[in-house]
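The file my_file.cif contains mmCIF, C-alpha atoms and all ligand atoms:
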```cif
data_my_file
#
loop_
_atom_site.label_atom_id
_atom_site.label_comp_id
_atom_site.auth_asym_id
_atom_site.auth_seq_id
_atom_site.Cartn_x
_atom_site.Cartn_y
_atom_site.Cartn_z
CA MET A 1 14.16 -6.92 36.63
CA PRO A 2 12.22 -6.94 33.32
CA VAL A 3 8.45 -7.23 33.68
CA LEU A 4 6.45 -9.34 31.24
CA VAL A 5 3.60 -7.67 29.37
CA SER A 6 1.24 -10.40 30.60
CA VAL A 7 2.08 -9.87 34.26
CA ILE A 8 1.99 -6.11 34.57
CA LEU A 9 -0.37 -5.15 31.75
CA GLY A 10 -2.63 -8.16 32.27
CA GLN A 11 -2.80 -9.73 35.71
CA ARG A 12 -1.77 -6.73 37.83
CA LEU A 13 -4.05 -4.27 36.06
CA ASP A 14 -6.96 -6.69 36.27
CA ALA A 15 -6.41 -7.09 40.01
CA ILE A 16 -7.15 -3.36 40.44
CA GLY A 17 -10.09 -3.29 38.02
CA GLN A 18 -8.18 -1.96 35.02
CA GLY A 19 -7.03 -3.14 31.63
CA MET A 20 -4.93 -2.12 28.63
CA ILE A 21 -6.57 -0.55 25.58
CA ASN A 22 -4.88 -3.15 23.37
CA LEU A 23 -2.25 -5.89 23.63
CA PRO A 24 -0.09 -7.92 21.24
CA ASP A 25 -0.74 -11.52 20.28
CA ILE A 26 1.50 -13.14 22.90
CA ASP A 27 2.01 -12.68 26.62
CA ARG A 28 5.75 -13.15 26.98
CA GLN A 29 7.33 -9.85 25.93
CA THR A 30 8.79 -7.41 28.41
CA VAL A 31 7.17 -3.99 28.47
CA ALA A 32 10.42 -2.20 27.51
CA GLY A 33 11.26 -4.73 24.77
CA ALA A 34 7.78 -4.61 23.26
CA ILE A 35 7.62 -0.84 23.01
CA ALA A 36 11.20 -0.56 21.72
CA THR A 37 10.31 -2.62 18.64
CA GLY A 38 6.92 -1.04 17.90
CA THR A 39 5.01 -4.15 18.99
CA HIS A 40 1.32 -3.84 18.14
CA GLY A 41 -1.96 -5.66 18.46
CA THR A 42 -4.89 -5.67 16.04
CA GLY A 43 -7.45 -2.95 15.32
CA VAL A 44 -7.88 -0.32 12.64
CA THR A 45 -8.35 2.39 15.27
CA LEU A 46 -6.04 0.85 17.86
CA GLN A 47 -2.42 1.87 17.77
CA ALA A 48 0.79 0.08 18.74
CA LEU A 49 1.61 -0.43 22.42
CA SER A 50 4.15 2.44 22.29
CA SER A 51 1.33 4.89 21.49
CA PHE A 52 -0.13 4.41 24.97
CA ILE A 53 3.04 5.81 26.58
CA THR A 54 2.48 9.25 28.02
CA SER A 55 5.94 9.60 29.54
CA LEU A 56 9.14 7.64 29.88
CA ARG A 57 12.48 7.86 31.63
CA LEU A 58 15.56 7.32 29.48
CA VAL A 59 19.04 6.84 30.89
CA THR A 60 21.35 7.85 28.07
CA PRO A 61 24.72 6.16 27.42
CA ASN A 62 26.58 9.09 29.01
CA GLY A 63 24.55 8.66 32.21
CA ASN A 64 22.06 11.50 31.81
CA VAL A 65 18.52 10.86 33.00
CA MET A 66 15.88 12.25 30.62
CA ASP A 67 12.22 12.41 31.64
CA ILE A 68 10.35 12.63 28.35
CA ASP A 69 6.67 13.53 27.99
CA SER A 70 4.27 15.51 25.80
CA SER A 71 5.95 18.80 26.75
CA ASP A 72 8.40 17.78 23.99
CA GLU A 73 6.14 15.95 21.51
CA ASP A 74 8.92 15.37 18.99
CA LEU A 75 11.21 13.75 21.52
CA LEU A 76 8.38 11.58 22.87
CA HIS A 77 7.54 10.37 19.34
CA ALA A 78 11.23 9.62 18.75
CA ALA A 79 11.84 7.84 22.05
CA ARG A 80 8.81 5.55 22.21
CA VAL A 81 9.88 3.15 19.42
CA ASN A 82 13.61 3.30 20.13
CA LEU A 83 15.07 -0.10 19.13
CA GLY A 84 17.14 0.07 22.31
CA ALA A 85 19.42 2.50 20.49
CA LEU A 86 18.94 5.68 22.52
CA GLY A 87 19.72 4.38 26.01
CA ILE A 88 17.99 2.35 28.70
CA VAL A 89 14.31 2.96 29.41
CA THR A 90 13.86 2.58 33.16
CA GLN A 91 10.28 3.79 33.62
CA VAL A 92 7.18 4.21 31.46
CA THR A 93 3.73 5.65 32.14
CA MET A 94 1.03 4.27 29.88
CA GLN A 95 -2.60 5.16 29.27
CA ASN A 96 -4.95 2.38 30.37
CA ARG A 97 -8.70 2.09 30.98
CA GLU A 98 -11.28 0.38 33.20
CA ALA A 99 -11.35 -3.43 33.10
CA TYR A 100 -13.46 -4.92 30.32
CA LYS A 101 -14.44 -8.26 28.86
CA LEU A 102 -14.06 -9.38 25.28
CA LYS A 103 -15.83 -11.95 23.16
CA LYS A 104 -13.75 -13.83 20.63
CA ARG A 105 -15.24 -15.56 17.61
CA GLU A 106 -13.25 -17.84 15.32
CA TRP A 107 -14.36 -19.46 12.10
CA ALA A 108 -13.13 -20.39 8.62
CA ALA A 109 -14.22 -18.53 5.48
CA PRO A 110 -13.09 -18.07 1.87
CA THR A 111 -10.21 -15.56 1.91
CA GLU A 112 -11.56 -13.62 -1.09
CA ASP A 113 -14.99 -13.17 0.55
CA ILE A 114 -13.33 -11.68 3.60
CA LEU A 115 -10.87 -9.51 1.65
CA ALA A 116 -13.73 -8.07 -0.42
CA ASN A 117 -15.27 -6.68 2.80
CA PHE A 118 -12.19 -6.32 4.96
CA ASP A 119 -12.47 -2.55 5.53
CA GLU A 120 -16.11 -2.87 6.68
CA LEU A 121 -15.35 -5.88 8.88
CA ALA A 122 -12.31 -4.16 10.42
CA ALA A 123 -14.43 -1.07 11.11
CA SER A 124 -17.34 -2.99 12.62
CA HIS A 125 -15.29 -5.11 15.07
CA ARG A 126 -12.95 -3.86 17.79
CA HIS A 127 -10.37 -6.35 16.49
CA PHE A 128 -10.60 -8.23 13.23
CA GLU A 129 -7.96 -10.35 11.51
CA ILE A 130 -7.42 -13.38 9.34
CA PHE A 131 -4.89 -16.19 9.25
CA PRO A 132 -4.81 -17.16 5.56
CA LEU A 133 -4.03 -20.84 5.04
CA VAL A 134 -1.36 -21.45 2.43
CA TYR A 135 -2.41 -23.56 -0.58
CA SER A 136 -6.01 -22.84 0.27
CA ASP A 137 -8.91 -20.60 -0.66
CA TYR A 138 -9.70 -20.30 3.06
CA SER A 139 -8.61 -18.30 6.06
CA LEU A 140 -9.17 -18.71 9.77
CA VAL A 141 -11.07 -15.58 10.77
CA LEU A 142 -10.93 -13.91 14.18
CA SER A 143 -13.16 -11.13 15.49
CA ILE A 144 -13.04 -9.71 19.00
CA ASP A 145 -15.57 -7.31 20.53
CA GLU A 146 -16.35 -5.85 23.92
CA THR A 147 -19.12 -7.68 25.80
CA ASP A 148 -21.01 -7.91 29.08
CA GLU A 149 -21.66 -11.62 28.62
CA PRO A 150 -20.46 -14.02 31.33
CA ILE A 151 -16.98 -15.48 31.08
CA GLY A 152 -16.91 -18.74 29.16
CA GLU A 153 -14.11 -21.20 28.65
CA VAL A 154 -11.06 -19.84 26.82
CA GLU A 155 -9.06 -22.26 24.69
CA LEU A 156 -5.63 -20.95 25.62
CA ASP A 157 -3.89 -23.83 23.92
CA ALA A 158 -5.69 -23.32 20.58
CA GLU A 159 -2.87 -22.33 18.24
CA PRO A 160 -3.97 -21.29 14.78
CA THR A 161 -0.37 -20.50 13.82
CA SER A 162 1.05 -23.83 14.92
CA ASP A 163 2.93 -25.42 12.04
CA ALA A 164 2.29 -28.91 13.33
CA SER A 165 -1.41 -28.48 13.97
CA ILE A 166 -2.08 -26.85 10.61
CA SER A 167 -0.24 -29.44 8.53
CA GLU A 168 -1.94 -32.16 10.53
CA SER A 169 -5.35 -30.61 10.02
CA LEU A 170 -4.66 -30.37 6.29
CA GLY A 171 -3.89 -34.09 6.17
CA LEU A 172 -0.91 -33.59 3.88
CA SER A 173 0.90 -36.52 2.28
CA GLU A 174 4.71 -36.64 1.94
CA ASN A 175 5.32 -34.53 -1.19
CA PRO A 176 1.98 -33.16 -2.36
CA THR A 177 1.74 -31.00 -5.48
CA PRO A 178 0.27 -27.49 -5.05
CA ALA A 179 -3.00 -28.69 -6.62
CA GLU A 180 -3.21 -31.62 -4.18
CA ARG A 181 -2.49 -29.33 -1.27
CA LEU A 182 -5.21 -26.95 -2.43
CA ARG A 183 -7.80 -29.73 -2.68
CA GLN A 184 -6.91 -31.20 0.70
CA SER A 185 -6.72 -27.92 2.57
CA ASN A 186 -9.98 -26.59 1.14
CA ALA A 187 -11.75 -29.75 2.22
CA THR A 188 -10.27 -29.54 5.71
CA ALA A 189 -10.89 -25.80 6.10
CA SER A 190 -14.52 -26.15 5.16
CA ARG A 191 -14.94 -28.56 8.11
CA ILE A 192 -13.47 -26.20 10.72
CA GLN A 193 -16.06 -25.55 13.44
CA PRO A 194 -16.69 -21.97 14.54
CA SER A 195 -16.02 -21.23 18.19
CA GLU A 196 -16.71 -18.46 20.69
CA SER A 197 -15.29 -17.52 24.06
CA VAL A 198 -15.59 -14.68 26.57
CA ASP A 199 -12.99 -13.56 29.11
CA ILE A 200 -11.29 -10.52 30.61
CA SER A 201 -9.48 -8.46 27.99
CA HIS A 202 -5.86 -9.58 28.43
CA LYS A 203 -6.78 -13.28 28.39
CA ILE A 204 -8.54 -12.88 25.05
CA LEU A 205 -5.98 -10.56 23.42
CA SER A 206 -2.75 -12.32 24.41
CA ASN A 207 -2.19 -15.99 23.68
CA ILE A 208 0.20 -18.67 24.83
CA ARG A 209 2.27 -19.74 21.83
CA ASN A 210 4.36 -22.77 22.60
CA SER A 211 5.62 -23.61 19.12
CA ARG A 212 8.92 -21.97 18.09
CA PHE A 213 9.14 -20.23 14.75
CA ASN A 214 10.87 -17.47 12.81
CA GLU A 215 8.75 -14.64 11.50
CA MET A 216 8.92 -11.79 9.03
CA GLU A 217 6.32 -9.05 9.25
CA TYR A 218 5.91 -5.92 7.16
CA SER A 219 3.27 -3.21 7.21
CA VAL A 220 1.90 -1.82 3.96
CA PRO A 221 -0.67 0.96 3.47
CA ALA A 222 -4.09 -0.60 4.19
CA GLU A 223 -5.38 0.23 0.70
CA VAL A 224 -2.83 -2.12 -0.92
CA GLY A 225 -2.83 -4.73 1.84
CA ALA A 226 -5.17 -7.19 0.13
CA GLU A 227 -3.25 -6.96 -3.15
CA CYS A 228 0.05 -7.62 -1.37
CA LEU A 229 -1.42 -10.58 0.52
CA ARG A 230 -2.82 -12.08 -2.70
CA GLU A 231 0.57 -11.80 -4.40
CA ILE A 232 2.26 -13.57 -1.48
CA LEU A 233 -0.26 -16.43 -1.47
CA LYS A 234 0.01 -16.79 -5.26
CA THR A 235 3.82 -16.79 -5.12
CA ILE A 236 3.81 -19.57 -2.51
CA TYR A 237 1.50 -21.60 -4.76
CA ASP A 238 3.23 -20.83 -8.08
CA GLN A 239 6.71 -21.53 -6.71
CA ALA A 240 5.49 -24.55 -4.70
CA ILE A 241 7.23 -23.22 -1.59
CA ASP A 242 7.22 -26.01 0.97
CA VAL A 243 5.52 -24.27 3.87
CA ASN A 244 2.42 -25.13 5.87
CA PHE A 245 2.36 -22.23 8.29
CA VAL A 246 -0.56 -19.82 8.14
CA LEU A 247 0.01 -16.13 7.42
CA GLU A 248 -1.44 -13.35 9.57
CA TYR A 249 -3.22 -10.30 8.12
CA ARG A 250 -4.53 -7.42 10.24
CA TYR A 251 -4.89 -3.65 10.44
CA VAL A 252 -3.10 -1.34 12.88
CA GLY A 253 -4.13 2.25 13.63
CA ALA A 254 -1.95 5.12 12.39
CA ASP A 255 0.34 6.88 14.87
CA ASP A 256 3.05 9.55 15.11
CA ASP A 257 6.00 7.59 16.44
CA TRP A 258 8.94 8.16 14.13
CA LEU A 259 9.91 4.50 13.74
CA SER A 260 6.45 2.98 14.05
CA MET A 261 5.32 0.63 11.28
CA ALA A 262 2.07 2.61 11.15
CA TYR A 263 3.63 6.10 11.22
CA GLY A 264 1.52 8.54 9.23
CA ASP A 265 -2.11 9.50 8.84
CA HIS A 266 -3.67 6.27 7.59
CA PRO A 267 -3.95 2.74 8.97
CA HIS A 268 -1.57 0.06 7.83
CA ALA A 269 -2.14 -3.61 7.07
CA THR A 270 0.47 -5.86 8.65
CA ILE A 271 1.27 -9.18 7.02
CA SER A 272 3.31 -11.90 8.72
CA ILE A 273 4.90 -15.02 7.34
CA HIS A 274 6.28 -17.78 9.56
CA ARG A 275 8.49 -20.82 9.37
CA ALA A 276 9.13 -23.44 12.06
CA ALA A 277 12.34 -22.76 14.01
CA SER A 278 13.66 -26.20 13.06
CA GLU A 279 13.64 -25.25 9.34
CA ASP A 280 15.76 -22.78 7.35
CA TYR A 281 13.54 -19.73 6.93
CA ARG A 282 15.77 -18.00 4.38
CA PRO A 283 14.64 -19.62 1.10
CA TYR A 284 10.99 -18.74 1.91
CA PHE A 285 11.55 -15.30 3.41
CA ASN A 286 14.00 -14.27 0.64
CA VAL A 287 11.32 -14.89 -2.01
CA ILE A 288 8.56 -13.07 -0.12
CA GLU A 289 10.45 -10.03 1.22
CA PRO A 290 10.74 -8.26 -2.19
CA ILE A 291 6.94 -8.48 -2.52
CA PHE A 292 6.62 -6.41 0.65
CA TRP A 293 9.05 -3.85 -0.82
CA LYS A 294 6.94 -3.55 -3.96
CA TYR A 295 4.03 -2.32 -1.83
CA GLY A 296 6.09 0.14 0.22
CA GLY A 297 6.41 -2.26 3.15
CA ARG A 298 8.00 -1.25 6.45
CA PRO A 299 9.59 -4.04 8.53
CA HIS A 300 8.72 -4.98 12.11
CA TRP A 301 11.85 -4.21 14.17
CA GLY A 302 11.50 -7.33 16.29
CA LYS A 303 11.32 -9.76 13.37
CA VAL A 304 13.47 -10.89 10.44
CA HIS A 305 14.21 -8.37 7.66
CA SER A 306 17.19 -7.40 5.54
CA LEU A 307 16.86 -3.62 5.18
CA THR A 308 19.51 -1.04 6.06
CA HIS A 309 19.51 2.76 6.42
CA LEU A 310 19.61 3.07 2.61
CA GLU A 311 16.06 1.77 2.22
CA LEU A 312 14.77 2.74 5.67
CA THR A 313 15.32 6.47 5.11
CA LYS A 314 12.87 6.26 2.20
CA LEU A 315 10.25 4.29 4.15
CA TYR A 316 10.22 6.27 7.40
CA PRO A 317 9.93 10.06 6.88
CA ARG A 318 11.64 10.74 10.24
CA PHE A 319 14.35 8.07 9.93
CA LYS A 320 17.15 10.61 9.32
CA ASP A 321 15.97 12.62 12.32
CA PHE A 322 16.12 9.47 14.44
CA MET A 323 19.66 8.75 13.21
CA GLU A 324 20.70 12.28 14.16
CA LEU A 325 19.11 12.00 17.62
CA ARG A 326 20.80 8.64 18.15
CA ARG A 327 24.21 10.17 17.25
CA GLU A 328 23.55 13.03 19.64
CA LEU A 329 22.60 10.78 22.58
CA ASP A 330 25.17 8.05 21.90
CA PRO A 331 28.11 9.58 19.99
CA GLN A 332 30.37 6.65 20.91
CA GLY A 333 27.88 4.02 19.75
CA ARG A 334 27.74 2.22 23.10
CA MET A 335 24.19 0.98 22.49
CA LEU A 336 25.00 -0.41 19.03
CA ASN A 337 25.49 -4.00 17.91
CA PRO A 338 26.25 -5.06 14.31
CA HIS A 339 22.52 -5.20 13.45
CA LEU A 340 21.89 -1.65 14.68
CA ARG A 341 25.07 -0.35 13.00
CA ALA A 342 23.73 -1.48 9.63
CA LEU A 343 20.33 0.07 10.34
CA PHE A 344 21.74 3.42 11.41
CA ASN A 345 24.86 3.67 9.22
CA ALA A 346 26.98 3.98 12.35
C1 LIG B 401 5.42 -15.81 19.45
C2 LIG B 401 5.58 -14.34 19.18
C3 LIG B 401 4.45 -13.57 18.91
C4 LIG B 401 4.59 -12.20 18.68
N1 LIG B 401 3.46 -11.47 18.46
C5 LIG B 401 3.59 -10.15 18.18
C6 LIG B 401 2.44 -9.34 17.94
O1 LIG B 401 1.30 -9.77 18.05
N2 LIG B 401 2.63 -8.07 17.58
C7 LIG B 401 3.87 -7.53 17.45
O2 LIG B 401 3.97 -6.37 17.06
N3 LIG B 401 5.00 -8.25 17.72
C8 LIG B 401 4.88 -9.53 18.09
N4 LIG B 401 6.00 -10.26 18.37
C9 LIG B 401 7.32 -9.59 18.37
C10 LIG B 401 7.73 -9.16 19.79
O3 LIG B 401 6.72 -8.36 20.38
C11 LIG B 401 9.03 -8.36 19.74
O4 LIG B 401 10.07 -9.14 19.21
C12 LIG B 401 9.44 -7.83 21.12
O5 LIG B 401 10.45 -6.91 20.98
C13 LIG B 401 9.89 -8.94 22.01
O6 LIG B 401 9.98 -8.43 23.32
P1 LIG B 401 11.19 -8.82 24.28
O7 LIG B 401 10.82 -8.33 25.63
O8 LIG B 401 11.55 -10.25 24.10
O9 LIG B 401 12.29 -7.86 23.68
P2 LIG B 401 13.82 -8.07 23.47
O10 LIG B 401 14.04 -8.91 22.26
O11 LIG B 401 14.50 -8.44 24.75
O12 LIG B 401 14.21 -6.58 23.13
C14 LIG B 401 13.74 -5.94 21.97
C15 LIG B 401 14.48 -4.61 21.84
O13 LIG B 401 14.16 -3.78 22.93
C16 LIG B 401 15.33 -3.28 23.53
N5 LIG B 401 15.10 -3.13 24.96
C17 LIG B 401 14.70 -4.08 25.84
N6 LIG B 401 14.61 -3.55 27.07
C18 LIG B 401 14.95 -2.24 26.97
C19 LIG B 401 15.07 -1.16 27.89
N7 LIG B 401 14.78 -1.31 29.19
N8 LIG B 401 15.44 0.04 27.41
C20 LIG B 401 15.72 0.22 26.11
N9 LIG B 401 15.65 -0.76 25.19
C21 LIG B 401 15.27 -1.97 25.62
C22 LIG B 401 16.40 -4.32 23.22
O14 LIG B 401 17.68 -3.74 23.25
C23 LIG B 401 16.01 -4.74 21.82
O15 LIG B 401 16.50 -3.86 20.85
C24 LIG B 401 5.89 -11.60 18.67
C25 LIG B 401 7.02 -12.38 18.94
C26 LIG B 401 6.87 -13.74 19.21
C27 LIG B 401 8.11 -14.55 19.53
#
```
Translate this structure into structure tokens?
Ligand SMILES: Cc1cc2nc3c(=O)[nH]c(=O)nc-3n(C[C@H](O)[C@H](O)[C@H](O)COP(=O)(O)OP(=O)(O)OC[C@H]3O[C@@H](n4cnc5c(N)ncnc54)[C@H](O)[C@@H]3O)c2cc1C
Amino acid sequence: MPVLVSVILGQRLDAIGQGMINLPDIDRQTVAGAIATGTHGTGVTLQALSSFITSLRLVTPNGNVMDIDSSDEDLLHAARVNLGALGIVTQVTMQNREAYKLKKREWAAPTEDILANFDELAASHRHFEIFPLVYSDYSLVLSIDETDEPIGEVELDAEPTSDASISESLGLSENPTPAERLRQSNATASRIQPSESVDISHKILSNIRNSRFNEMEYSVPAEVGAECLREILKTIYDQAIDVNFVLEYRYVGADDDWLSMAYGDHPHATISIHRAASEDYRPYFNVIEPIFWKYGGRPHWGKVHSLTHLELTKLYPRFKDFMELRRELDPQGRMLNPHLRALFNA
């Protein structure tokens, strides 16, 4: 039976005085599903969840059982972010640490002020990210640091990415022009009250997100992240794209996993765009996706993107090696669906 990240990597670890080094933004993924897609949290020195795997057991489509660990580094780096294409992962061993508490601070600030100092801010906080408001000069800012302070109340239902809550807080009229939206949202953002909370690590890192939405996320080299983000925000404004959802902008530590968004020797900035599940995401995402490509963006495997092996081989230096390994382990393509066939030219 699949085990949710929140249950095993949160509650059960805490019960024995331990915690995970980092966790993604929500608490509903399964462990195997999260690692297969390169799911990550926030932190310039903190890598994706898959990086914490020290060994895993893979049952290949022909029934072989492979126990993979650092005795074969290459295979481990190939198998951690696997897109479900190599076989079934039945067991993983992950590096964890002693239990710890985190303090979360949230406030609103001008996006340009934050971007001007983003590298320093990301380096001086354990986790640092922003949720840029569309049609606004402001972002919601989030920093998280280790603390010994007593546990305070955690606002688990605070949802900075909720479409409804953001549009409501912006006080938008029926069909506002971009200039009207800018004026309204700046006024609202400047009134957002800062807040702080302290809790055990998994309760601060993983949130409950009840609103349903579609998402596209790409990583770009950190040094061009701010430029890419600016171009996206400007495009939304210039083309008057009818969206109220915040974006998300954060850094992820570099790693060695072949299909990781942050593969390589430098951190990556990840940028997410969202649209409510009740709306057609395509007109918005189709305009923004080419901007990611311009900056060398790599797609998140668990989110919407339109790339195939033709582009992916250029973006991931080990993509061809992964395709070869996949063919070797699954020559009959039993693990493939139409989406994976397009990705792997199979
Ligand atoms: C609200 C929300 C917030 C999110 N926040 C983040 C975030 O902060 N950071 C981030 O990086 N991502 C985030 N994601 C993306 C999410 O982490 C991925 O989509 C993840 O893969 C979902 O996990 P799942 O268990 O539902 O996987 P599934 O969708 O069930 O599976 C994902 C893949 O894993 C494969 N798989 C599953 N189990 C196994 C197994 N046992 N062996 C082999 N392959 C297997 C499947 O075949 C599939 O290819 C978010 C998604 C949502 C909906």
Self-check item: Surrounding residues of Gln29 of chain A excluding itself and chain neighbours under 3 positions, 12 Å, all atoms listed in the file, as a list in words
Solution: Pro2, Val3, Leu4, Val5, Ser6, Val7, Ile8, Leu9, Gly10, Leu23, Pro24, Asp25, Ile26, Ala32, Gly33, Ala34, Ile35, Ala36, Thr37, Gly38, Thr39, His40, Leu49, Ser206, Asn207, Ile208, Arg209 and Gly302 of chain A
Exercise. Could you tell me how far atom CA of Asp145 of chain A lies from atom CA of Leu102 of chain A, in Å and to one decimal?
Key: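 Those two atoms sit 5.4 Å apart.
We find atom CA of Pro150 of chain A and atom CA of Phe128 of chain A to be spaced 21.4 Å apart.
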Quiz item: From the set A:Ala276, A:Met335, A:Leu307, A:Leu312, which residue has the shortest atom-to-atom contact distance to ligand LIG 401 (chain B), counting all atoms listed in the file?
Solution: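 Nearest candidate to ligand LIG 401 (chain B) out of A:Ala276, A:Met335, A:Leu307, A:Leu312: A:Met335.
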Self-check item: d(atom CA of Val287 of chain A, atom CA of Thr235 of chain A) in Å
Solution: 8.3 Å
Self-check item: Protein and nucleic acid residues near (-14.1, -0.6, 6.4) (cut-off 12 Å, all atoms listed in the file) as a VMD selection string
Solution: chain A and resid 43 to 45 114 to 126 128 222 to 223 251 267
Using only C-alpha atoms, which protein or nucleic acid residues come within 6 Å of Thr270 of chain A? Drop anything in the same chain fewer than 6 positions from it, and give the result as an mmCIF file with C-alpha atoms, in the coordinates of the input.
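Written out: out22.cif:
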```cif
data_model
loop_
_atom_site.group_PDB
_atom_site.id
_atom_site.type_symbol
_atom_site.label_atom_id
_atom_site.label_comp_id
_atom_site.auth_asym_id
_atom_site.auth_seq_id
_atom_site.Cartn_x
_atom_site.Cartn_y
_atom_site.Cartn_z
ATOM 1 C CA TYR A 218 5.910 -5.920 7.160
ATOM 2 C CA SER A 219 3.270 -3.210 7.210
ATOM 3 C CA TYR A 249 -3.220 -10.300 8.120
ATOM 4 C CA ARG A 250 -4.530 -7.420 10.240
#
```
Quiz item: Using only C-alpha atoms, which residue out of A:Leu310, A:Pro132, A:Asp72, A:Leu58 lies closest to Gly84 of chain A?
Solution: A:Leu58
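Residue nearest Gly333 of chain A within the list A:Ala85, A:Phe52, A:Leu140, A:Asp256: A:Ala85 [criterion: smallest interatomic distance, all atoms listed in the file].
Closest approach to ligand LIG 401 (chain B) from the set A:Tyr135, A:Phe213, A:Trp293, A:Tyr316 is made by A:Phe213, with distances taken over all atoms listed in the file.
Residues lying within 12 Å of His77 of chain A, counting all atoms listed in the file and ignoring same-chain neighbours fewer than 5 positions away, are Ile35, Ala36, Gly38, Ser50, Ser51, Phe52, Ile53, Thr54, Ser55, Leu56, Ile68, Asp69, Ser70, Ser71, Asp72, Asn82, Asp255, Asp256, Asp257, Trp258, Leu259, Ser260, Tyr263, Gly264, Arg318, Phe319, Asp321, Phe322 and Leu325 of chain A.
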The selected residues should be written to file as a tab-separated table (two decimals), keeping the file's coordinate frame (atoms: C-alpha atoms).
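Okay, again14.tsv is ready:
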```
chain	number	residue	atom	x	y	z
A	35	ILE	CA	7.62	-0.84	23.01
A	36	ALA	CA	11.20	-0.56	21.72
A	38	GLY	CA	6.92	-1.04	17.90
A	50	SER	CA	4.15	2.44	22.29
A	51	SER	CA	1.33	4.89	21.49
A	52	PHE	CA	-0.13	4.41	24.97
A	53	ILE	CA	3.04	5.81	26.58
A	54	THR	CA	2.48	9.25	28.02
A	55	SER	CA	5.94	9.60	29.54
A	56	LEU	CA	9.14	7.64	29.88
A	68	ILE	CA	10.35	12.63	28.35
A	69	ASP	CA	6.67	13.53	27.99
A	70	SER	CA	4.27	15.51	25.80
A	71	SER	CA	5.95	18.80	26.75
A	72	ASP	CA	8.40	17.78	23.99
A	82	ASN	CA	13.61	3.30	20.13
A	255	ASP	CA	0.34	6.88	14.87
A	256	ASP	CA	3.05	9.55	15.11
A	257	ASP	CA	6.00	7.59	16.44
A	258	TRP	CA	8.94	8.16	14.13
A	259	LEU	CA	9.91	4.50	13.74
A	260	SER	CA	6.45	2.98	14.05
A	263	TYR	CA	3.63	6.10	11.22
A	264	GLY	CA	1.52	8.54	9.23
A	318	ARG	CA	11.64	10.74	10.24
A	319	PHE	CA	14.35	8.07	9.93
A	321	ASP	CA	15.97	12.62	12.32
A	322	PHE	CA	16.12	9.47	14.44
A	325	LEU	CA	19.11	12.00	17.62
```
Exercise. Identify which of the residues A:Met66, A:Leu13, A:Ile273, A:Val224 lies closest to Ile88 of chain A, counting only C-alpha atoms when measuring atom-to-atom distances.
Key: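 Comparing A:Met66, A:Leu13, A:Ile273, A:Val224 against Ile88 of chain A, the winner is A:Met66.
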Find the smallest box with edges along x, y and z containing every listed atom of ligand LIG 401 (chain B), then add 8 Å on each side and report centre and edge lengths in Å to one decimal, as AutoDock Vina command-line options.
```
--center_x 9.5 --center_y -7.8 --center_z 23.1 --size_x 32.4 --size_y 32.0 --size_z 28.1
```
Quiz item: Which is closer to ligand LIG 401 (chain B) than all the others in A:Gln11, A:Thr177, A:Ser278, A:Asn337, using all atoms listed in the file?
Solution: A:Asn337
Exercise. Extract, using all atoms listed in the file, all DNA, RNA and protein residues at most 12 Å from Lys320 of chain A, discarding same-chain residues fewer than 3 positions from it, and format them as a PyMOL selection string.
Key: chain A and resi 78+258-259+309-317+323-327+343-345
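Once His305 of chain A and its same-chain neighbours fewer than 4 positions away are set aside, Met216, Glu289, Pro299 and His300 of chain A remain within 8 Å of it when counting all atoms listed in the file.
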Quiz item: Could you list as a list in words every residue that has an atom within 7 Å of (-15.2, -22.5, 14.5), using the file's coordinates and counting only C-alpha atoms?
Solution: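 Residues with an atom at most 7 Å from (-15.2, -22.5, 14.5): Glu106, Trp107, Ala108, Ile192, Gln193, Pro194 and Ser195 of chain A.
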Could you please take those selected residues and save C-alpha atoms as an mmCIF file, keeping the file's coordinate frame?
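Everything below was put into part.cif:
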```
data_model
loop_
_atom_site.group_PDB
_atom_site.id
_atom_site.type_symbol
_atom_site.label_atom_id
_atom_site.label_comp_id
_atom_site.auth_asym_id
_atom_site.auth_seq_id
_atom_site.Cartn_x
_atom_site.Cartn_y
_atom_site.Cartn_z
ATOM 1 C CA GLU A 106 -13.250 -17.840 15.320
ATOM 2 C CA TRP A 107 -14.360 -19.460 12.100
ATOM 3 C CA ALA A 108 -13.130 -20.390 8.620
ATOM 4 C CA ILE A 192 -13.470 -26.200 10.720
ATOM 5 C CA GLN A 193 -16.060 -25.550 13.440
ATOM 6 C CA PRO A 194 -16.690 -21.970 14.540
ATOM 7 C CA SER A 195 -16.020 -21.230 18.190
#
```
